[in-house]
>>> print(open('final_20.cif').read())   # mmCIF, C-alpha atoms (C1' of nucleotides)
data_query
loop_
_atom_site.group_PDB
_atom_site.id
_atom_site.type_symbol
_atom_site.label_atom_id
_atom_site.label_comp_id
_atom_site.auth_asym_id
_atom_site.auth_seq_id
_atom_site.Cartn_x
_atom_site.Cartn_y
_atom_site.Cartn_z
ATOM 1 C CA MET A 535 0.000 0.000 0.000
ATOM 2 C CA PHE A 536 0.926 3.646 -0.315
ATOM 3 C CA ALA A 537 0.924 6.350 2.283
ATOM 4 C CA PRO A 538 -1.519 9.122 1.377
ATOM 5 C CA PRO A 539 0.370 11.926 -0.372
ATOM 6 C CA GLY A 540 1.042 14.908 1.837
ATOM 7 C CA GLU A 541 -0.533 18.226 1.020
ATOM 8 C CA ASP A 542 2.898 19.589 0.223
ATOM 9 C CA LEU A 543 3.531 16.896 -2.360
ATOM 10 C CA VAL A 544 0.159 17.485 -3.969
ATOM 11 C CA ASN A 545 0.978 21.181 -4.248
ATOM 12 C CA GLN A 546 4.283 20.295 -5.840
ATOM 13 C CA TRP A 547 2.535 18.041 -8.331
ATOM 14 C CA GLU A 548 0.012 20.733 -9.194
ATOM 15 C CA SER A 549 2.690 23.316 -9.841
ATOM 16 C CA GLU A 550 4.602 20.897 -12.048
ATOM 17 C CA GLN A 551 1.455 20.264 -14.069
ATOM 18 C CA ALA A 552 0.919 24.009 -14.419
ATOM 19 C CA ARG A 553 4.508 24.496 -15.561
ATOM 20 C CA LEU A 554 4.456 21.687 -18.139
ATOM 21 C CA ARG A 555 0.958 22.640 -19.294
ATOM 22 C CA LEU A 556 2.474 25.688 -20.998
ATOM 23 C CA GLN A 557 4.432 23.407 -23.310
ATOM 24 C CA VAL A 558 1.480 21.492 -24.713
ATOM 25 C CA ILE A 559 0.929 22.012 -28.424
ATOM 26 C CA GLU A 560 -2.761 21.613 -29.236
ATOM 27 C CA GLU A 561 -2.420 21.774 -33.007
ATOM 28 C CA ASP A 562 -1.350 19.427 -35.785
ATOM 29 C CA THR A 563 2.402 19.636 -36.257
ATOM 30 C CA GLU A 564 3.026 16.724 -38.640
ATOM 31 C CA ASP A 565 2.345 16.520 -42.376
ATOM 32 C CA TRP A 566 0.539 13.187 -42.140
ATOM 33 C CA GLN A 567 -1.993 14.715 -39.777
ATOM 34 C CA ARG A 568 -3.229 16.984 -42.584
ATOM 35 C CA SER A 569 -3.632 14.124 -45.047
ATOM 36 C CA PRO A 570 -7.193 12.813 -45.554
ATOM 37 C CA ASP A 571 -5.949 9.225 -45.291
ATOM 38 C CA PHE A 572 -2.990 9.907 -43.008
ATOM 39 C CA SER A 573 -0.593 9.267 -45.851
ATOM 40 C CA GLY A 574 2.924 9.275 -44.405
ATOM 41 C CA LEU A 575 1.854 7.668 -41.149
ATOM 42 C CA GLU A 576 3.522 4.263 -40.781
ATOM 43 C CA ARG A 577 3.897 3.576 -37.062
ATOM 44 C CA VAL A 578 1.461 4.106 -34.174
ATOM 45 C CA GLY A 579 2.372 3.370 -30.578
ATOM 46 C CA GLY A 580 0.387 2.296 -27.549
ATOM 47 C CA VAL A 581 1.277 2.224 -23.851
ATOM 48 C CA ASP A 582 -0.301 0.711 -20.766
ATOM 49 C CA LEU A 583 0.402 -0.683 -17.305
ATOM 50 C CA SER A 584 -1.054 -3.928 -15.965
ATOM 51 C CA PHE A 585 -1.132 -5.022 -12.345
ATOM 52 C CA ILE A 586 -1.215 -8.236 -10.374
ATOM 53 C CA LYS A 587 -4.402 -8.898 -8.405
ATOM 54 C CA GLY A 588 -3.448 -7.946 -4.870
ATOM 55 C CA ASP A 589 -0.323 -5.953 -5.671
ATOM 56 C CA ASP A 590 -0.419 -2.179 -5.974
ATOM 57 C CA ILE A 591 3.249 -1.469 -6.528
ATOM 58 C CA ASN A 592 4.516 -4.082 -8.959
ATOM 59 C CA ALA A 593 3.315 -3.721 -12.512
ATOM 60 C CA CYS A 594 4.169 -4.488 -16.102
ATOM 61 C CA ALA A 595 4.881 -1.432 -18.237
ATOM 62 C CA GLN A 596 4.090 -2.103 -21.869
ATOM 63 C CA LEU A 597 4.963 -0.361 -25.124
ATOM 64 C CA VAL A 598 3.856 -1.599 -28.520
ATOM 65 C CA VAL A 599 4.345 -0.182 -31.979
ATOM 66 C CA LEU A 600 1.941 -1.145 -34.738
ATOM 67 C CA SER A 601 2.154 -0.596 -38.473
ATOM 68 C CA TYR A 602 -0.309 1.799 -40.027
ATOM 69 C CA PRO A 603 -2.777 1.266 -41.588
ATOM 70 C CA ASP A 604 -2.475 -2.517 -41.157
ATOM 71 C CA LEU A 605 -2.132 -2.376 -37.372
ATOM 72 C CA GLU A 606 0.332 -5.291 -37.222
ATOM 73 C CA VAL A 607 2.705 -5.547 -34.258
ATOM 74 C CA LEU A 608 6.188 -4.279 -35.211
ATOM 75 C CA TYR A 609 7.651 -3.978 -31.724
ATOM 76 C CA GLU A 610 6.783 -4.913 -28.167
ATOM 77 C CA ASP A 611 8.436 -4.288 -24.841
ATOM 78 C CA SER A 612 7.284 -5.619 -21.471
ATOM 79 C CA GLN A 613 9.103 -4.485 -18.351
ATOM 80 C CA MET A 614 8.350 -5.170 -14.694
ATOM 81 C CA VAL A 615 8.477 -1.949 -12.690
ATOM 82 C CA THR A 616 8.013 -0.844 -9.085
ATOM 83 C CA LEU A 617 5.659 2.090 -8.710
ATOM 84 C CA THR A 618 6.451 4.910 -6.322
ATOM 85 C CA ALA A 619 3.168 6.823 -6.295
ATOM 86 C CA PRO A 620 -0.417 5.844 -5.478
ATOM 87 C CA TYR A 621 -3.293 6.257 -7.880
ATOM 88 C CA ILE A 622 -5.031 9.579 -7.358
ATOM 89 C CA ALA A 623 -7.517 10.929 -9.871
ATOM 90 C CA GLY A 624 -5.916 13.947 -11.498
ATOM 91 C CA PHE A 625 -2.375 12.766 -10.807
ATOM 92 C CA LEU A 626 -2.169 9.527 -12.743
ATOM 93 C CA ALA A 627 0.883 10.770 -14.628
ATOM 94 C CA PHE A 628 3.036 10.838 -11.516
ATOM 95 C CA ARG A 629 2.329 7.135 -11.107
ATOM 96 C CA GLU A 630 2.802 5.955 -14.684
ATOM 97 C CA THR A 631 4.760 8.434 -16.793
ATOM 98 C CA PRO A 632 8.292 7.578 -15.582
ATOM 99 C CA PHE A 633 7.989 3.971 -16.740
ATOM 100 C CA LEU A 634 6.296 4.765 -20.039
ATOM 101 C CA LEU A 635 9.024 7.291 -20.777
ATOM 102 C CA GLU A 636 11.692 4.717 -20.002
ATOM 103 C CA ALA A 637 10.089 2.301 -22.447
ATOM 104 C CA LEU A 638 10.147 4.949 -25.180
ATOM 105 C CA GLN A 639 13.777 5.708 -24.381
ATOM 106 C CA ARG A 640 14.750 2.031 -24.576
ATOM 107 C CA LEU A 641 13.182 1.908 -28.024
ATOM 108 C CA GLU A 642 14.913 5.090 -29.123
ATOM 109 C CA ARG A 643 18.238 3.682 -27.992
ATOM 110 C CA ASN A 644 17.861 0.180 -29.412
ATOM 111 C CA GLN A 645 15.728 0.563 -32.528
ATOM 112 C CA PRO A 646 15.237 4.253 -33.272
ATOM 113 C CA THR A 647 13.794 3.531 -36.711
ATOM 114 C CA LEU A 648 10.806 1.925 -34.996
ATOM 115 C CA LEU A 649 9.873 4.965 -32.921
ATOM 116 C CA PRO A 650 6.125 5.618 -33.272
ATOM 117 C CA GLN A 651 4.935 8.818 -34.962
ATOM 118 C CA VAL A 652 2.091 9.105 -32.478
ATOM 119 C CA VAL A 653 1.383 7.397 -29.168
ATOM 120 C CA PHE A 654 -2.030 6.361 -27.855
ATOM 121 C CA VAL A 655 -2.248 6.686 -24.095
ATOM 122 C CA ASP A 656 -4.659 4.902 -21.765
ATOM 123 C CA GLY A 657 -6.139 7.948 -20.014
ATOM 124 C CA ASN A 658 -6.986 11.591 -20.601
ATOM 125 C CA GLY A 659 -5.006 14.411 -22.141
ATOM 126 C CA LEU A 660 -6.440 17.923 -21.936
ATOM 127 C CA PHE A 661 -9.691 16.470 -20.616
ATOM 128 C CA HIS A 662 -8.480 16.864 -17.079
ATOM 129 C CA TYR A 663 -9.087 19.010 -13.980
ATOM 130 C CA ARG A 664 -6.136 21.234 -14.857
ATOM 131 C CA GLU A 665 -6.015 20.393 -18.557
ATOM 132 C CA PHE A 666 -2.903 18.268 -18.150
ATOM 133 C CA GLY A 667 -3.629 14.564 -17.958
ATOM 134 C CA LEU A 668 -1.341 11.598 -18.530
ATOM 135 C CA ALA A 669 -1.367 11.918 -22.327
ATOM 136 C CA CYS A 670 -0.191 15.539 -22.120
ATOM 137 C CA HIS A 671 2.426 14.681 -19.525
ATOM 138 C CA LEU A 672 3.916 11.871 -21.591
ATOM 139 C CA GLY A 673 3.658 13.982 -24.737
ATOM 140 C CA VAL A 674 5.540 16.950 -23.347
ATOM 141 C CA LEU A 675 8.251 14.855 -21.694
ATOM 142 C CA SER A 676 8.777 12.660 -24.769
ATOM 143 C CA GLY A 677 8.217 15.304 -27.397
ATOM 144 C CA LEU A 678 6.045 12.859 -29.347
ATOM 145 C CA PRO A 679 2.509 13.482 -30.590
ATOM 146 C CA CYS A 680 0.138 11.821 -28.105
ATOM 147 C CA VAL A 681 -3.578 11.067 -27.987
ATOM 148 C CA GLY A 682 -5.449 10.427 -24.762
ATOM 149 C CA VAL A 683 -8.186 7.785 -24.813
ATOM 150 C CA ALA A 684 -10.173 7.135 -21.640
ATOM 151 C CA LYS A 685 -12.676 4.318 -21.297
ATOM 152 C CA ASN A 686 -14.638 6.099 -18.588
ATOM 153 C CA LEU A 687 -15.824 9.670 -18.275
ATOM 154 C CA LEU A 688 -14.051 11.893 -15.808
ATOM 155 C CA GLN A 689 -16.462 14.522 -14.527
ATOM 156 C CA VAL A 690 -14.495 17.698 -14.868
ATOM 157 C CA GLN A 691 -14.883 21.401 -15.551
ATOM 158 C CA GLY A 692 -18.653 21.259 -15.805
ATOM 159 C CA VAL A 693 -18.844 18.085 -17.875
ATOM 160 C CA TYR A 694 -21.241 15.726 -16.114
ATOM 161 C CA LYS A 695 -22.486 12.278 -16.901
ATOM 162 C CA ASN A 696 -26.099 13.240 -16.468
ATOM 163 C CA GLU A 697 -29.191 12.444 -18.548
ATOM 164 C CA GLU A 698 -28.123 15.033 -21.104
ATOM 165 C CA HIS A 699 -24.826 13.209 -21.541
ATOM 166 C CA GLN A 700 -26.670 9.909 -21.824
ATOM 167 C CA SER A 701 -28.918 11.261 -24.545
ATOM 168 C CA GLN A 702 -25.929 12.550 -26.458
ATOM 169 C CA ILE A 703 -24.455 9.062 -26.284
ATOM 170 C CA ALA A 704 -27.722 7.582 -27.494
ATOM 171 C CA ALA A 705 -27.547 9.915 -30.480
ATOM 172 C CA LEU A 706 -24.242 8.439 -31.665
ATOM 173 C CA GLN A 707 -25.502 6.309 -34.536
ATOM 174 C CA LYS A 708 -22.423 4.762 -36.081
ATOM 175 C CA GLY A 709 -18.701 4.342 -35.660
ATOM 176 C CA GLY A 710 -17.002 7.695 -36.122
ATOM 177 C CA ASP A 711 -19.851 9.742 -34.656
ATOM 178 C CA SER A 712 -18.865 12.017 -31.809
ATOM 179 C CA PHE A 713 -19.881 14.956 -29.679
ATOM 180 C CA PRO A 714 -17.755 17.564 -27.909
ATOM 181 C CA LEU A 715 -16.937 17.608 -24.213
ATOM 182 C CA THR A 716 -17.233 21.308 -23.526
ATOM 183 C CA ALA A 717 -15.929 22.925 -20.360
ATOM 184 C CA ALA A 718 -17.857 25.601 -18.503
ATOM 185 C CA SER A 719 -15.451 28.069 -20.096
ATOM 186 C CA GLY A 720 -16.701 27.039 -23.529
ATOM 187 C CA LYS A 721 -13.493 25.284 -24.509
ATOM 188 C CA VAL A 722 -13.772 21.852 -26.106
ATOM 189 C CA LEU A 723 -11.604 19.652 -23.895
ATOM 190 C CA GLY A 724 -12.166 16.482 -25.891
ATOM 191 C CA LYS A 725 -14.773 14.410 -27.655
ATOM 192 C CA ALA A 726 -16.857 11.348 -26.889
ATOM 193 C CA LEU A 727 -16.386 8.982 -29.823
ATOM 194 C CA ARG A 728 -18.367 5.969 -30.881
ATOM 195 C CA SER A 729 -15.301 4.023 -31.981
ATOM 196 C CA SER A 730 -17.100 1.205 -33.768
ATOM 197 C CA ASN A 731 -20.574 0.281 -34.914
ATOM 198 C CA LYS A 732 -20.776 -2.544 -32.398
ATOM 199 C CA SER A 733 -19.982 -0.633 -29.216
ATOM 200 C CA SER A 734 -22.609 1.830 -28.069
ATOM 201 C CA LYS A 735 -20.404 2.907 -25.173
ATOM 202 C CA PRO A 736 -18.067 5.658 -26.402
ATOM 203 C CA VAL A 737 -14.420 6.318 -25.606
ATOM 204 C CA TYR A 738 -13.275 9.760 -24.530
ATOM 205 C CA VAL A 739 -10.615 11.250 -26.776
ATOM 206 C CA SER A 740 -8.545 14.307 -25.965
ATOM 207 C CA VAL A 741 -5.379 16.023 -27.118
ATOM 208 C CA GLY A 742 -2.184 14.859 -25.519
ATOM 209 C CA HIS A 743 0.423 16.775 -27.499
ATOM 210 C CA LYS A 744 1.201 17.895 -31.056
ATOM 211 C CA ILE A 745 -2.189 16.995 -32.541
ATOM 212 C CA SER A 746 -5.564 18.720 -32.849
ATOM 213 C CA VAL A 747 -8.739 17.356 -31.276
ATOM 214 C CA ASP A 748 -10.396 16.636 -34.587
ATOM 215 C CA THR A 749 -7.335 14.855 -35.940
ATOM 216 C CA ALA A 750 -7.052 12.892 -32.705
ATOM 217 C CA VAL A 751 -10.659 11.746 -33.036
ATOM 218 C CA ARG A 752 -10.319 10.870 -36.703
ATOM 219 C CA LEU A 753 -7.085 8.964 -36.074
ATOM 220 C CA THR A 754 -8.532 7.125 -33.099
ATOM 221 C CA HIS A 755 -11.469 5.982 -35.153
ATOM 222 C CA SER A 756 -9.151 4.772 -37.913
ATOM 223 C CA CYS A 757 -7.209 2.658 -35.394
ATOM 224 C CA CYS A 758 -10.219 0.891 -33.928
ATOM 225 C CA ARG A 759 -10.978 -2.705 -34.744
ATOM 226 C CA TYR A 760 -12.881 -2.903 -31.475
ATOM 227 C CA ARG A 761 -13.952 -0.277 -28.951
ATOM 228 C CA VAL A 762 -10.466 0.456 -27.639
ATOM 229 C CA PRO A 763 -7.963 1.629 -30.271
ATOM 230 C CA GLU A 764 -5.697 -1.227 -31.329
ATOM 231 C CA PRO A 765 -2.398 0.183 -29.997
ATOM 232 C CA ILE A 766 -3.816 0.467 -26.470
ATOM 233 C CA ARG A 767 -5.668 -2.816 -26.752
ATOM 234 C CA GLN A 768 -2.505 -4.648 -27.817
ATOM 235 C CA ALA A 769 -0.504 -3.028 -25.028
ATOM 236 C CA ASP A 770 -3.152 -4.168 -22.564
ATOM 237 C CA CYS A 771 -3.310 -7.723 -23.928
ATOM 238 C CA LEU A 772 0.457 -8.166 -24.094
ATOM 239 C CA SER A 773 1.159 -6.796 -20.618
ATOM 240 C CA ARG A 774 -1.525 -9.047 -19.154
ATOM 241 C CA GLU A 775 -0.119 -12.015 -21.011
ATOM 242 C CA TYR A 776 3.329 -11.197 -19.639
ATOM 243 C CA LEU A 777 2.041 -11.184 -16.059
ATOM 244 C CA ARG A 778 0.116 -14.395 -16.708
ATOM 245 C CA THR A 779 3.211 -16.258 -17.872
ATOM 246 C CA GLN A 780 5.689 -14.731 -15.419
ATOM 247 C CA PHE A 781 3.534 -14.813 -12.287
ATOM 248 C CA PRO A 782 1.282 -17.906 -12.385
ATOM 249 C "C1'" DG B 441 -21.352 14.475 5.679
ATOM 250 C "C1'" DC B 442 -21.851 13.123 0.639
ATOM 251 C "C1'" DG B 443 -20.442 12.136 -3.807
ATOM 252 C "C1'" DA B 444 -16.763 11.642 -7.086
ATOM 253 C "C1'" DC B 445 -12.780 8.979 -8.215
ATOM 254 C "C1'" DA B 446 -8.763 8.587 -15.909
ATOM 255 C "C1'" DG B 447 -5.913 3.919 -14.337
ATOM 256 C "C1'" DA C 1433 -6.174 -1.393 -12.079
ATOM 257 C "C1'" DT C 1434 -8.359 -6.171 -10.390
ATOM 258 C "C1'" DC C 1435 -11.975 -9.791 -8.541
ATOM 259 C "C1'" DT C 1436 -14.688 -13.248 -12.909
ATOM 260 C "C1'" DT C 1437 -18.394 -17.590 -16.622
ATOM 261 C "C1'" DG C 1438 -21.590 -18.001 -18.992
ATOM 262 C "C1'" DT C 1439 -24.659 -16.103 -21.926
ATOM 263 C "C1'" DC C 1440 -27.260 -13.551 -25.413
ATOM 264 C "C1'" DG C 1441 -26.945 -11.779 -30.053
ATOM 265 C "C1'" DC C 1442 -25.082 -11.013 -34.812
#
>>> encode(input="final_20.cif", output="structure tokens")
Amino acid sequence: MFAPPGEDLVNQWESEQARLRLQVIEEDTEDWQRSPDFSGLERVGGVDLSFIKGDDINACAQLVVLSYPDLEVLYEDSQMVTLTAPYIAGFLAFRETPFLLEALQRLERNQPTLLPQVVFVDGNGLFHYREFGLACHLGVLSGLPCVGVAKNLLQVQGVYKNEEHQSQIAALQKGGDSFPLTAASGKVLGKALRSSNKSSKPVYVSVGHKISVDTAVRLTHSCCRYRVPEPIRQADCLSREYLRTQFP
DNA sequence: GCGACAG
DNA sequence: ATCTTGTCGC
């Protein structure tokens, strides 16, 4: 177990988020992002952490790189890690980022030609209490374009999962349909996306770094064979498989 | 005190 | 995150 974070540490975390927030680029910066069919995009990455049943500190950090548009696995890296921070909504990055960054650095050192051109992150980007979720954190620290994809809605900045939200979800007719997640300020912090025709439950997409919201949504949809985009789904499957075989 | 709470 | 099989439907 983890000791509850002191108020001083929380303040330190908040100020670090505020500092790094200034470095987030919320627009498309790559040529392939402007292409209608993402021509020029060849590698998409996915990251995730999987845990053992009753263990909160030991986890498997996973990085996968898939080909685009075929979504075939080109690279995979599973690494057991020891976490140093507890899970606290709004501060997920301080728990996971260090190990995801290390995985990206191992890849850059060993097989730089396989570095992904964009990374899908399991969690929110700008759709966050202070507009700086895990996807932004990893994006800024790695310098890579990142997209945040959350499987559950985080109620933040005036976005609630009330009946209105439910009706908006019901209005998503087919894969690719979406609606904006608008903050009280009027800013669109992300979008709820029906990622496939089969799944009526949407995923929540937001900007991590170096990509626009609309491009992030369009790209996410194009990487979905199932509800969760393939890079994240593969990272999840492979890290679980690793734990299954290494810790029976 | 009550509800919320990405992973 | 994780605990967990079958079952209903296409």
>>> closest_atom_pairs(input="final_20.cif", of="chain B", to="chain A", cutoff="9 Å", atoms="only C-alpha atoms (C1' of nucleotides)", output="tab-separated table")
residue	atom	partner	partner_atom	distance
B:DA444	C1'	A:Gln689	CA	8.0
B:DC445	C1'	A:Ala623	CA	5.9
B:DA446	C1'	A:Gly657	CA	4.9
B:DG447	C1'	A:Leu626	CA	6.9
>>> atom_distance(input="final_20.cif", atom1="CA of Ser701 (chain A)", atom2="CA of Asp748 (chain A)")
21.7 Å
>>> interface_residues(input="final_20.cif", of="chain A", to="chain C", cutoff="9 Å", atoms="all atoms listed in the file", output="ChimeraX atom specification")
/A:583-588,590
>>> resolve_selection(input="final_20.cif", expression="the PyMOL selection byres ((chain A and resi 605) around 12)", output="NGL selection string")
:A and (575-580 or 598-604 or 606-609 or 756-759 or 763-768)
>>> residues_around(input="final_20.cif", residues="Leu678 (chain A)", least_positions_apart="3", cutoff="10 Å", atoms="only C-alpha atoms (C1' of nucleotides)", output="PyMOL selection string")
chain A and resi 638+649-653+670+672-675+681+742-745
>>> write_last_selection(input="final_20.cif", atoms="C-alpha atoms", output="mmCIF file, in the coordinates of the input")
data_model
loop_
_atom_site.group_PDB
_atom_site.id
_atom_site.type_symbol
_atom_site.label_atom_id
_atom_site.label_comp_id
_atom_site.auth_asym_id
_atom_site.auth_seq_id
_atom_site.Cartn_x
_atom_site.Cartn_y
_atom_site.Cartn_z
ATOM 1 C CA LEU A 638 10.147 4.949 -25.180
ATOM 2 C CA LEU A 649 9.873 4.965 -32.921
ATOM 3 C CA PRO A 650 6.125 5.618 -33.272
ATOM 4 C CA GLN A 651 4.935 8.818 -34.962
ATOM 5 C CA VAL A 652 2.091 9.105 -32.478
ATOM 6 C CA VAL A 653 1.383 7.397 -29.168
ATOM 7 C CA CYS A 670 -0.191 15.539 -22.120
ATOM 8 C CA LEU A 672 3.916 11.871 -21.591
ATOM 9 C CA GLY A 673 3.658 13.982 -24.737
ATOM 10 C CA VAL A 674 5.540 16.950 -23.347
ATOM 11 C CA LEU A 675 8.251 14.855 -21.694
ATOM 12 C CA VAL A 681 -3.578 11.067 -27.987
ATOM 13 C CA GLY A 742 -2.184 14.859 -25.519
ATOM 14 C CA HIS A 743 0.423 16.775 -27.499
ATOM 15 C CA LYS A 744 1.201 17.895 -31.056
ATOM 16 C CA ILE A 745 -2.189 16.995 -32.541
#
>>> atom_distance(input="final_20.cif", atom1="CA of Thr754 (chain A)", atom2="CA of Leu597 (chain A)")
17.4 Å
>>> resolve_selection(input="final_20.cif", expression="the PyMOL selection byres ((chain A and resi 543-555) around 8)", output="list of chain:residue names")
A:Pro539, A:Gly540, A:Glu541, A:Asp542, A:Leu556, A:Gln557, A:Val558, A:Phe625, A:Phe628, A:Arg664, A:Glu665, A:Phe666, A:Cys670, A:His671, A:Val674
>>> atom_distance(input="final_20.cif", atom1="CA of Tyr663 (chain A)", atom2="CA of Thr749 (chain A)")
22.4 Å
>>> resolve_selection(input="final_20.cif", expression="the PyMOL selection byres ((chain A and resi 639) around 12)", output="MDAnalysis selection string")
chainID A and resid 597 611 632:638 640:646 648:650 672 675:678
>>> closest_residue(input="final_20.cif", among="A:Gln567, A:Ser733, A:Ser746, A:Ser719", to="Val693 (chain A)", atoms="only C-alpha atoms")
A:Ser719
>>> axis_aligned_box(input="final_20.cif", around="chain B", padding_each_side="8 Å", output="JSON")
{"center_x": -13.9, "center_y": 9.2, "center_z": -5.1, "size_x": 31.9, "size_y": 26.6, "size_z": 37.6}
